[in-house]
Amino acid sequence: MGYELSNEQLEWQTIARDFASRRLKPARHWLEGDEFWANARMLSEQGFLGVTLPEEYGGMNLDLFSAVLMIEELCRVCPTSGRMVYHTGPGITNFINHLGTAEQKAKYLPKITAGKYYVALGMSEPEAGSAATDLKTTAVEHGDRYKLNGSKIFVSEGHLADAFVVYARFGTTGKPSDIGAILVERDTPGFSVGVPEENMSGEYQTALYFDDAIVPKENVLVKENAFKALMGVYNGVRLGYAAQTLGITQAAFDRTCQYVQERKQFGKQICEFQGVQWMIADMYLQLEAARTLLYKAAADAAADSKADKTSVSIAKVYVAEAAKKITDDCLQLHGGYGFSREYPLEWYYRCVRAASIAGGTIQVHKTMLASTVLGKKFDQRR
Ligand SMILES: Cc1cc2nc3c(=O)[nH]c(=O)nc-3n(C[C@H](O)[C@H](O)[C@H](O)COP(=O)(O)OP(=O)(O)OC[C@H]3O[C@@H](n4cnc5c(N)ncnc54)[C@H](O)[C@@H]3O)c2cc1C
């Protein structure tokens with residue numbers, strides 16, 4: 001199916017664009033520093049936290065497509081602000097919104113929309129990255145609780161999170177159907193968060209350790225036979241992430257279009273050179289294509305109220321690949337200034353690089369696409 005933005009979606013896009021350009025100042029560090037919290041306060045006053053959550057929990061009840069449009073616009077000015085809207089709406093919070101019980105929603109969602117509570121995702125393990133269904137962390141029933149054992153890695157900003165959506169094996173068949181998810185709060189006995197490790201974009205990731213961690217039964221999100229449901233929610237999360245990547249890439253492109261008209265060499269603006277013009281045109285083409293594919297996937301999700309996995313993989317792969325190429329070319333067109341820390345180009349480049357890995361690698365998504373095209377199921381398991 002194609003897509004068309006409704007009047008309401010166009011309105012939200014315009015509101016987010018105006019708000020971002022008038023009010024936001026770029027803040028590089030997520031959940032840290034005066035600049036970030038000043039932006040977060042304004043986002044909260046504007047009602048932008050929890051955009052996809054029901055109104056009864058302080059949200060706006062918008063569809064995923066509207067959220068994608070808003071996140072893109074905010075990231076164009078301030079990536080960490082876009083990320084705040086993503087996190088409190090269609091990001092990890094989505095697991096609670098879509099899979100949680102009424103009690104869990106009432107307990108967690110209002111704190112999240114107030115910007116006072118951050119939930120991270122514990123899915124990847126040292127031996128189970130792309131092969132997520134090989135994960136080993138177990139959740140074993142123990143009276144009115146579950147006992148968790150195992151470990152997680154690469155948890156984004158785990159050192160700052162208040163709670164974690166943790167994928168674990170509830171069954172013992174060894175099949176993907178054993179896998180479910182449970183909410184683990186930070187102060188859980190037997191649970192600890194590893195030392196934060198800085199990654200390429202300057203964010204921090206942590207390991208999680210479960211050593212007979214005792215978690216109340218009411219924290220279970222889903223138990224066995226739920227892997228499909230978990231991946232369904234995760235596909236929506238992937239679109240929110242792709243919207244951030246697209247917004248950051250657009251920011252790099254906007255700056256570059258300005259720079260090539262300011263910078264002079266050989267007595268001319270560098271945009272007078274055909275080599276530069278063709279680079280600008282190629283970037284524009286890729287940006288438009290990336291946006292079209294992302295919006296199509298978001299429209300499919302809004303129509304069905306769940307993301308279509310093929311549209312998501314197409315959008316995710318294209319946005320990630322285009323972002324890498326465009327931010328690289330933007331950096332190139334800034335010459336030595338692009339490589340310096342004085343300008344944000346090198347940061348944009350580092351930020352979008354993760355999109356080819358996080359949320360499933362490009363290669364894994366391409367395998368899924370090939371299996372759709374060829375009508376074959378490529379079993380990647382042993
Ligand atoms: C910035 C960032 C943030 C992240 N945040 C989180 C988070 O909050 N929570 C969380 O749980 N995880 C998080 N991750 C982890 C992420 O989900 C994994 O890195 C990803 O799933 C890949 O797993 P891996 O790193 O183990 O790579 P591997 O699976 O070991 O892959 C290594 C290489 O082999 C290739 N490969 C593997 N299998 C195949 C195959 N079948 N066919 C072709 N090629 C293949 C991959 O494409 C890749 O190039 C994050 C990662 C990044 C980079």
# chains A, B, ... in the order shown; residues from 1 in each chain; ligands from 1

$ residues_near_ligand --ligand "ligand 1" --cutoff "7 Å" --atoms "only C-alpha atoms and all ligand atoms" --output "PyMOL selection string"
chain A and resi 120-124+126-131+152-156+354+357-364+367+380

$ write_last_selection --atoms "N, CA, C and O atoms" --output "mmCIF file, in the first residue's frame"
data_model
loop_
_atom_site.group_PDB
_atom_site.id
_atom_site.type_symbol
_atom_site.label_atom_id
_atom_site.label_comp_id
_atom_site.auth_asym_id
_atom_site.auth_seq_id
_atom_site.Cartn_x
_atom_site.Cartn_y
_atom_site.Cartn_z
ATOM 1 N N ALA A 120 14.898 0.366 29.859
ATOM 2 C CA ALA A 120 15.840 -0.085 28.823
ATOM 3 C C ALA A 120 15.494 -1.520 28.413
ATOM 4 O O ALA A 120 14.680 -2.189 29.066
ATOM 5 N N LEU A 121 16.148 -1.975 27.322
ATOM 6 C CA LEU A 121 15.857 -3.310 26.792
ATOM 7 C C LEU A 121 17.039 -4.264 27.010
ATOM 8 O O LEU A 121 18.156 -3.980 26.580
ATOM 9 N N GLY A 122 16.771 -5.397 27.642
ATOM 10 C CA GLY A 122 17.789 -6.437 27.831
ATOM 11 C C GLY A 122 17.430 -7.638 26.977
ATOM 12 O O GLY A 122 16.722 -8.542 27.444
ATOM 13 N N MET A 123 17.871 -7.635 25.731
ATOM 14 C CA MET A 123 17.584 -8.754 24.830
ATOM 15 C C MET A 123 18.885 -9.464 24.445
ATOM 16 O O MET A 123 19.009 -10.680 24.608
ATOM 17 N N SER A 124 19.880 -8.723 23.945
ATOM 18 C CA SER A 124 21.117 -9.339 23.432
ATOM 19 C C SER A 124 21.915 -9.988 24.560
ATOM 20 O O SER A 124 21.941 -9.488 25.685
ATOM 21 N N PRO A 126 25.810 -12.317 25.324
ATOM 22 C CA PRO A 126 27.148 -12.500 24.738
ATOM 23 C C PRO A 126 27.152 -13.508 23.590
ATOM 24 O O PRO A 126 27.838 -13.316 22.595
ATOM 25 N N GLU A 127 26.368 -14.586 23.694
ATOM 26 C CA GLU A 127 26.365 -15.616 22.651
ATOM 27 C C GLU A 127 25.106 -15.562 21.780
ATOM 28 O O GLU A 127 24.878 -16.447 20.971
ATOM 29 N N ALA A 128 24.268 -14.570 21.994
ATOM 30 C CA ALA A 128 23.013 -14.486 21.226
ATOM 31 C C ALA A 128 22.746 -13.035 20.825
ATOM 32 O O ALA A 128 22.104 -12.283 21.553
ATOM 33 N N GLY A 129 23.305 -12.649 19.667
ATOM 34 C CA GLY A 129 23.080 -11.304 19.127
ATOM 35 C C GLY A 129 22.064 -11.416 17.998
ATOM 36 O O GLY A 129 20.854 -11.376 18.226
ATOM 37 N N SER A 130 22.574 -11.610 16.766
ATOM 38 C CA SER A 130 21.651 -11.816 15.635
ATOM 39 C C SER A 130 20.787 -13.050 15.892
ATOM 40 O O SER A 130 19.602 -13.067 15.562
ATOM 41 N N ALA A 131 21.403 -14.075 16.470
ATOM 42 C CA ALA A 131 20.655 -15.303 16.783
ATOM 43 C C ALA A 131 19.937 -15.112 18.114
ATOM 44 O O ALA A 131 20.201 -15.816 19.106
ATOM 45 N N LYS A 152 23.063 -10.193 30.065
ATOM 46 C CA LYS A 152 22.731 -9.439 28.843
ATOM 47 C C LYS A 152 23.901 -8.521 28.529
ATOM 48 O O LYS A 152 24.660 -8.141 29.432
ATOM 49 N N ILE A 153 23.996 -8.114 27.255
ATOM 50 C CA ILE A 153 25.014 -7.110 26.911
ATOM 51 C C ILE A 153 24.412 -6.028 26.023
ATOM 52 O O ILE A 153 23.296 -6.187 25.527
ATOM 53 N N PHE A 154 25.205 -4.984 25.825
ATOM 54 C CA PHE A 154 24.875 -3.877 24.896
ATOM 55 C C PHE A 154 23.617 -3.111 25.290
ATOM 56 O O PHE A 154 22.977 -2.492 24.420
ATOM 57 N N VAL A 155 23.224 -3.137 26.537
ATOM 58 C CA VAL A 155 21.975 -2.463 26.922
ATOM 59 C C VAL A 155 22.199 -0.942 26.907
ATOM 60 O O VAL A 155 23.014 -0.418 27.673
ATOM 61 N N SER A 156 21.484 -0.268 26.013
ATOM 62 C CA SER A 156 21.679 1.177 25.852
ATOM 63 C C SER A 156 21.308 1.911 27.129
ATOM 64 O O SER A 156 20.205 1.761 27.639
ATOM 65 N N ALA A 354 25.306 3.308 13.988
ATOM 66 C CA ALA A 354 24.707 2.217 14.777
ATOM 67 C C ALA A 354 23.476 1.616 14.106
ATOM 68 O O ALA A 354 23.117 0.460 14.360
ATOM 69 N N ILE A 357 23.420 -1.828 12.773
ATOM 70 C CA ILE A 357 23.665 -2.944 13.713
ATOM 71 C C ILE A 357 22.508 -3.097 14.720
ATOM 72 O O ILE A 357 21.945 -4.188 14.870
ATOM 73 N N ALA A 358 22.187 -1.991 15.397
ATOM 74 C CA ALA A 358 21.143 -2.063 16.436
ATOM 75 C C ALA A 358 19.785 -2.353 15.791
ATOM 76 O O ALA A 358 19.518 -1.913 14.673
ATOM 77 N N GLY A 359 18.954 -3.105 16.491
ATOM 78 C CA GLY A 359 17.631 -3.458 15.954
ATOM 79 C C GLY A 359 17.704 -4.521 14.876
ATOM 80 O O GLY A 359 16.792 -4.661 14.063
ATOM 81 N N GLY A 360 18.793 -5.286 14.859
ATOM 82 C CA GLY A 360 18.993 -6.320 13.836
ATOM 83 C C GLY A 360 19.931 -5.786 12.768
ATOM 84 O O GLY A 360 19.720 -4.668 12.277
ATOM 85 N N THR A 361 20.957 -6.558 12.428
ATOM 86 C CA THR A 361 21.934 -6.047 11.454
ATOM 87 C C THR A 361 21.334 -6.016 10.047
ATOM 88 O O THR A 361 20.347 -6.716 9.760
ATOM 89 N N ILE A 362 21.953 -5.220 9.202
ATOM 90 C CA ILE A 362 21.532 -5.106 7.795
ATOM 91 C C ILE A 362 21.480 -6.503 7.155
ATOM 92 O O ILE A 362 20.548 -6.831 6.430
ATOM 93 N N GLN A 363 22.514 -7.311 7.454
ATOM 94 C CA GLN A 363 22.592 -8.634 6.819
ATOM 95 C C GLN A 363 21.412 -9.506 7.227
ATOM 96 O O GLN A 363 20.832 -10.214 6.397
ATOM 97 N N VAL A 364 21.058 -9.454 8.491
ATOM 98 C CA VAL A 364 19.946 -10.298 8.972
ATOM 99 C C VAL A 364 18.629 -9.833 8.341
ATOM 100 O O VAL A 364 17.812 -10.649 7.902
ATOM 101 N N THR A 367 18.490 -11.026 4.778
ATOM 102 C CA THR A 367 18.142 -12.453 4.690
ATOM 103 C C THR A 367 16.626 -12.624 4.785
ATOM 104 O O THR A 367 16.027 -13.400 4.041
ATOM 105 N N GLN A 380 18.153 -20.368 9.791
ATOM 106 C CA GLN A 380 19.518 -19.994 10.162
ATOM 107 C C GLN A 380 19.966 -20.709 11.430
ATOM 108 O O GLN A 380 21.035 -20.446 11.956
#

$ select_by_dssp --residues "range 160-302 of chain A" --states "alpha helix (DSSP H)" --output "number ranges by chain"
A: 227-262, 274-302

$ write_last_selection --atoms "C-alpha atoms" --output "compact mmCIF listing (two decimals), in the first residue's frame"
# COMPACT_ATOMS: atom_id res chain seq x y z
CA PHE A 227 8.14 -14.50 20.54
CA LYS A 228 6.05 -13.41 17.56
CA ALA A 229 4.20 -10.88 19.72
CA LEU A 230 7.53 -9.57 21.07
CA MET A 231 8.93 -9.18 17.56
CA GLY A 232 5.70 -7.48 16.45
CA VAL A 233 6.24 -4.79 19.08
CA TYR A 234 9.95 -4.64 18.28
CA ASN A 235 9.14 -3.84 14.63
CA GLY A 236 7.38 -0.65 15.77
CA VAL A 237 10.42 0.17 17.91
CA ARG A 238 12.60 -0.24 14.80
CA LEU A 239 10.55 2.38 12.92
CA GLY A 240 11.00 4.88 15.75
CA TYR A 241 14.73 4.22 15.63
CA ALA A 242 14.80 4.66 11.84
CA ALA A 243 12.99 8.01 12.25
CA GLN A 244 15.81 9.20 14.52
CA THR A 245 18.40 8.10 11.97
CA LEU A 246 16.58 9.90 9.17
CA GLY A 247 16.24 13.12 11.20
CA ILE A 248 19.96 13.16 12.05
CA THR A 249 20.84 12.49 8.40
CA GLN A 250 18.58 15.35 7.30
CA ALA A 251 20.36 17.61 9.81
CA ALA A 252 23.73 16.71 8.25
CA PHE A 253 22.31 17.39 4.77
CA ASP A 254 20.74 20.75 5.78
CA ARG A 255 24.06 21.97 7.16
CA THR A 256 25.93 20.76 4.10
CA CYS A 257 23.58 22.53 1.68
CA GLN A 258 24.31 25.74 3.59
CA TYR A 259 28.05 25.11 3.81
CA VAL A 260 28.60 24.48 0.09
CA GLN A 261 27.03 27.88 -0.61
CA GLU A 262 29.28 29.64 1.94
CA GLN A 274 29.70 20.05 -10.83
CA GLY A 275 31.32 17.32 -8.72
CA VAL A 276 29.79 18.92 -5.61
CA GLN A 277 26.40 19.44 -7.29
CA TRP A 278 26.17 15.75 -8.16
CA MET A 279 27.00 14.75 -4.61
CA ILE A 280 24.21 17.04 -3.35
CA ALA A 281 21.79 15.58 -5.90
CA ASP A 282 22.70 11.98 -4.99
CA MET A 283 22.20 12.69 -1.30
CA TYR A 284 18.86 14.32 -2.01
CA LEU A 285 17.72 11.29 -4.03
CA GLN A 286 18.70 8.88 -1.27
CA LEU A 287 17.06 11.00 1.43
CA GLU A 288 13.80 11.16 -0.50
CA ALA A 289 13.87 7.40 -1.14
CA ALA A 290 14.66 6.66 2.51
CA ARG A 291 11.84 8.92 3.69
CA THR A 292 9.36 7.35 1.27
CA LEU A 293 10.18 3.83 2.46
CA LEU A 294 10.04 4.81 6.12
CA TYR A 295 6.73 6.62 5.73
CA LYS A 296 5.27 3.69 3.81
CA ALA A 297 6.22 1.30 6.61
CA ALA A 298 4.82 3.73 9.20
CA ALA A 299 1.58 4.08 7.21
CA ASP A 300 1.26 0.28 6.99
CA ALA A 301 1.72 0.14 10.77
CA ALA A 302 -0.83 2.92 11.39

$ residues_around --residues "Tyr349 in chain A" --least-positions-apart "5" --cutoff "9 Å" --atoms "only C-alpha atoms" --output "PyMOL selection string"
chain A and resi 201+248-249+252+323-324+326-328+330-331+344

$ residues_around --residues "Ala27 in chain A" --least-positions-apart "3" --cutoff "7 Å" --atoms "only C-alpha atoms" --output "list in words"
Glu35, Phe36, Cys78 and Thr80 of chain A

$ residues_around --residues "Tyr146 in chain A" --least-positions-apart "3" --cutoff "9 Å" --atoms "only C-alpha atoms" --output "ChimeraX atom specification"
/A:139-143,212-217,220

$ atom_distance --atom1 "CA of Val222 in chain A" --atom2 "CA of Ala168 in chain A"
10.0 Å

$ closest_atom_pairs --of "range 4-99 of chain A" --to "range 179-199 of chain A" --cutoff "12 Å" --atoms "only C-alpha atoms" --output "JSON lines"
{"residue": "A:His29", "atom": "CA", "partner": "A:Glu198", "partner_atom": "CA", "distance": 11.8}
{"residue": "A:Ile92", "atom": "CA", "partner": "A:Leu183", "partner_atom": "CA", "distance": 11.4}
{"residue": "A:Thr93", "atom": "CA", "partner": "A:Leu183", "partner_atom": "CA", "distance": 11.1}
{"residue": "A:Phe95", "atom": "CA", "partner": "A:Ala181", "partner_atom": "CA", "distance": 9.1}
{"residue": "A:Ile96", "atom": "CA", "partner": "A:Leu183", "partner_atom": "CA", "distance": 8.8}
{"residue": "A:Leu99", "atom": "CA", "partner": "A:Ala181", "partner_atom": "CA", "distance": 9.5}

$ residues_around --residues "range 109-114 of chain A" --least-positions-apart "6" --cutoff "6 Å" --atoms "only C-alpha atoms" --output "NGL selection string"
:A and (49-50 or 57-58 or 88)

$ closest_residue --among "A:Ala207, A:Val165, A:Val51, A:Cys271" --to "His334 in chain A" --atoms "only C-alpha atoms"
A:Cys271

$ residues_around --residues "Ser151 in chain A" --least-positions-apart "2" --cutoff "6 Å" --atoms "only C-alpha atoms" --output "ChimeraX atom specification"
/A:208-210

$ write_last_selection --atoms "N, CA, C and O atoms" --output "CSV table (one decimal), in the first residue's frame"
chain,number,residue,atom,x,y,z
A,208,LEU,N,24.0,-6.7,31.9
A,208,LEU,CA,23.1,-6.9,33.0
A,208,LEU,C,23.4,-8.3,33.5
A,208,LEU,O,23.7,-9.2,32.7
A,209,TYR,N,23.4,-8.5,34.9
A,209,TYR,CA,23.7,-9.8,35.4
A,209,TYR,C,22.5,-10.3,36.3
A,209,TYR,O,22.1,-9.5,37.2
A,210,PHE,N,22.1,-11.5,36.1
A,210,PHE,CA,21.0,-12.1,36.9
A,210,PHE,C,21.6,-13.3,37.6
A,210,PHE,O,22.0,-14.3,37.0

$ atom_distance --atom1 "CA of Trp12 in chain A" --atom2 "CA of Leu69 in chain A"
7.5 Å

$ decode --residues "range 299-312 of chain A" --atoms "all heavy atoms" --output "mmCIF file, in the first residue's frame"
data_model
loop_
_atom_site.group_PDB
_atom_site.id
_atom_site.type_symbol
_atom_site.label_atom_id
_atom_site.label_comp_id
_atom_site.auth_asym_id
_atom_site.auth_seq_id
_atom_site.Cartn_x
_atom_site.Cartn_y
_atom_site.Cartn_z
ATOM 1 N N ALA A 299 3.003 4.049 7.599
ATOM 2 C CA ALA A 299 1.584 4.085 7.207
ATOM 3 C C ALA A 299 0.986 2.687 7.301
ATOM 4 O O ALA A 299 -0.146 2.514 7.765
ATOM 5 C CB ALA A 299 1.446 4.627 5.783
ATOM 6 N N ASP A 300 1.736 1.669 6.873
ATOM 7 C CA ASP A 300 1.262 0.283 6.993
ATOM 8 C C ASP A 300 0.971 -0.032 8.462
ATOM 9 O O ASP A 300 -0.043 -0.635 8.796
ATOM 10 C CB ASP A 300 2.320 -0.713 6.491
ATOM 11 C CG ASP A 300 2.463 -0.673 4.966
ATOM 12 O OD1 ASP A 300 1.645 -0.010 4.321
ATOM 13 O OD2 ASP A 300 3.407 -1.303 4.451
ATOM 14 N N ALA A 301 1.883 0.412 9.335
ATOM 15 C CA ALA A 301 1.720 0.141 10.770
ATOM 16 C C ALA A 301 0.500 0.879 11.316
ATOM 17 O O ALA A 301 -0.265 0.331 12.116
ATOM 18 C CB ALA A 301 2.972 0.559 11.528
ATOM 19 N N ALA A 302 0.305 2.134 10.875
ATOM 20 C CA ALA A 302 -0.830 2.923 11.387
ATOM 21 C C ALA A 302 -2.152 2.298 10.935
ATOM 22 O O ALA A 302 -3.125 2.264 11.689
ATOM 23 C CB ALA A 302 -0.727 4.365 10.900
ATOM 24 N N ALA A 303 -2.168 1.765 9.701
ATOM 25 C CA ALA A 303 -3.409 1.189 9.176
ATOM 26 C C ALA A 303 -3.783 -0.106 9.890
ATOM 27 O O ALA A 303 -4.949 -0.377 10.154
ATOM 28 C CB ALA A 303 -3.258 0.940 7.675
ATOM 29 N N ASP A 304 -2.774 -0.908 10.217
ATOM 30 C CA ASP A 304 -2.992 -2.237 10.815
ATOM 31 C C ASP A 304 -2.877 -2.245 12.324
ATOM 32 O O ASP A 304 -3.006 -3.276 12.950
ATOM 33 C CB ASP A 304 -1.872 -3.177 10.353
ATOM 34 C CG ASP A 304 -2.251 -3.904 9.114
ATOM 35 O OD1 ASP A 304 -3.295 -3.554 8.594
ATOM 36 O OD2 ASP A 304 -1.496 -4.798 8.716
ATOM 37 N N SER A 305 -2.476 -1.145 12.873
ATOM 38 C CA SER A 305 -2.014 -0.957 14.256
ATOM 39 C C SER A 305 -0.946 -1.948 14.654
ATOM 40 O O SER A 305 -0.709 -2.220 15.812
ATOM 41 C CB SER A 305 -3.139 -0.877 15.282
ATOM 42 O OG SER A 305 -4.106 -1.798 15.098
ATOM 43 N N LYS A 306 -0.261 -2.519 13.649
ATOM 44 C CA LYS A 306 1.006 -3.198 13.962
ATOM 45 C C LYS A 306 1.895 -3.139 12.710
ATOM 46 O O LYS A 306 1.401 -3.075 11.588
ATOM 47 C CB LYS A 306 0.786 -4.606 14.478
ATOM 48 C CG LYS A 306 0.283 -5.620 13.510
ATOM 49 C CD LYS A 306 0.265 -6.943 14.264
ATOM 50 C CE LYS A 306 0.105 -8.153 13.447
ATOM 51 N NZ LYS A 306 -0.975 -8.475 12.672
ATOM 52 N N ALA A 307 3.200 -3.104 12.958
ATOM 53 C CA ALA A 307 4.117 -2.893 11.839
ATOM 54 C C ALA A 307 4.259 -4.160 11.010
ATOM 55 O O ALA A 307 4.359 -5.265 11.540
ATOM 56 C CB ALA A 307 5.455 -2.443 12.387
ATOM 57 N N ASP A 308 4.268 -3.990 9.679
ATOM 58 C CA ASP A 308 4.448 -5.113 8.775
ATOM 59 C C ASP A 308 5.939 -5.405 8.667
ATOM 60 O O ASP A 308 6.728 -4.512 8.343
ATOM 61 C CB ASP A 308 3.868 -4.730 7.404
ATOM 62 C CG ASP A 308 4.260 -5.727 6.336
ATOM 63 O OD1 ASP A 308 3.764 -6.861 6.406
ATOM 64 O OD2 ASP A 308 5.087 -5.389 5.469
ATOM 65 N N LYS A 309 6.333 -6.667 8.917
ATOM 66 C CA LYS A 309 7.768 -6.929 9.077
ATOM 67 C C LYS A 309 8.554 -6.704 7.789
ATOM 68 O O LYS A 309 9.702 -6.249 7.838
ATOM 69 C CB LYS A 309 8.021 -8.303 9.685
ATOM 70 C CG LYS A 309 7.738 -9.475 8.819
ATOM 71 C CD LYS A 309 8.133 -10.744 9.552
ATOM 72 C CE LYS A 309 7.850 -11.854 8.585
ATOM 73 N NZ LYS A 309 8.220 -13.080 8.632
ATOM 74 N N THR A 310 7.933 -6.956 6.635
ATOM 75 C CA THR A 310 8.666 -6.746 5.385
ATOM 76 C C THR A 310 8.876 -5.246 5.142
ATOM 77 O O THR A 310 9.997 -4.810 4.834
ATOM 78 C CB THR A 310 7.910 -7.382 4.199
ATOM 79 O OG1 THR A 310 7.722 -8.760 4.497
ATOM 80 C CG2 THR A 310 8.679 -7.254 2.902
ATOM 81 N N SER A 311 7.814 -4.452 5.314
ATOM 82 C CA SER A 311 7.962 -2.991 5.136
ATOM 83 C C SER A 311 9.003 -2.445 6.113
ATOM 84 O O SER A 311 9.774 -1.553 5.770
ATOM 85 C CB SER A 311 6.669 -2.241 5.418
ATOM 86 O OG SER A 311 5.606 -2.783 4.740
ATOM 87 N N VAL A 312 9.007 -2.984 7.332
ATOM 88 C CA VAL A 312 9.954 -2.496 8.336
ATOM 89 C C VAL A 312 11.383 -2.836 7.911
ATOM 90 O O VAL A 312 12.281 -1.984 7.976
ATOM 91 C CB VAL A 312 9.650 -3.097 9.728
ATOM 92 C CG1 VAL A 312 10.767 -2.777 10.722
ATOM 93 C CG2 VAL A 312 8.325 -2.572 10.253
#
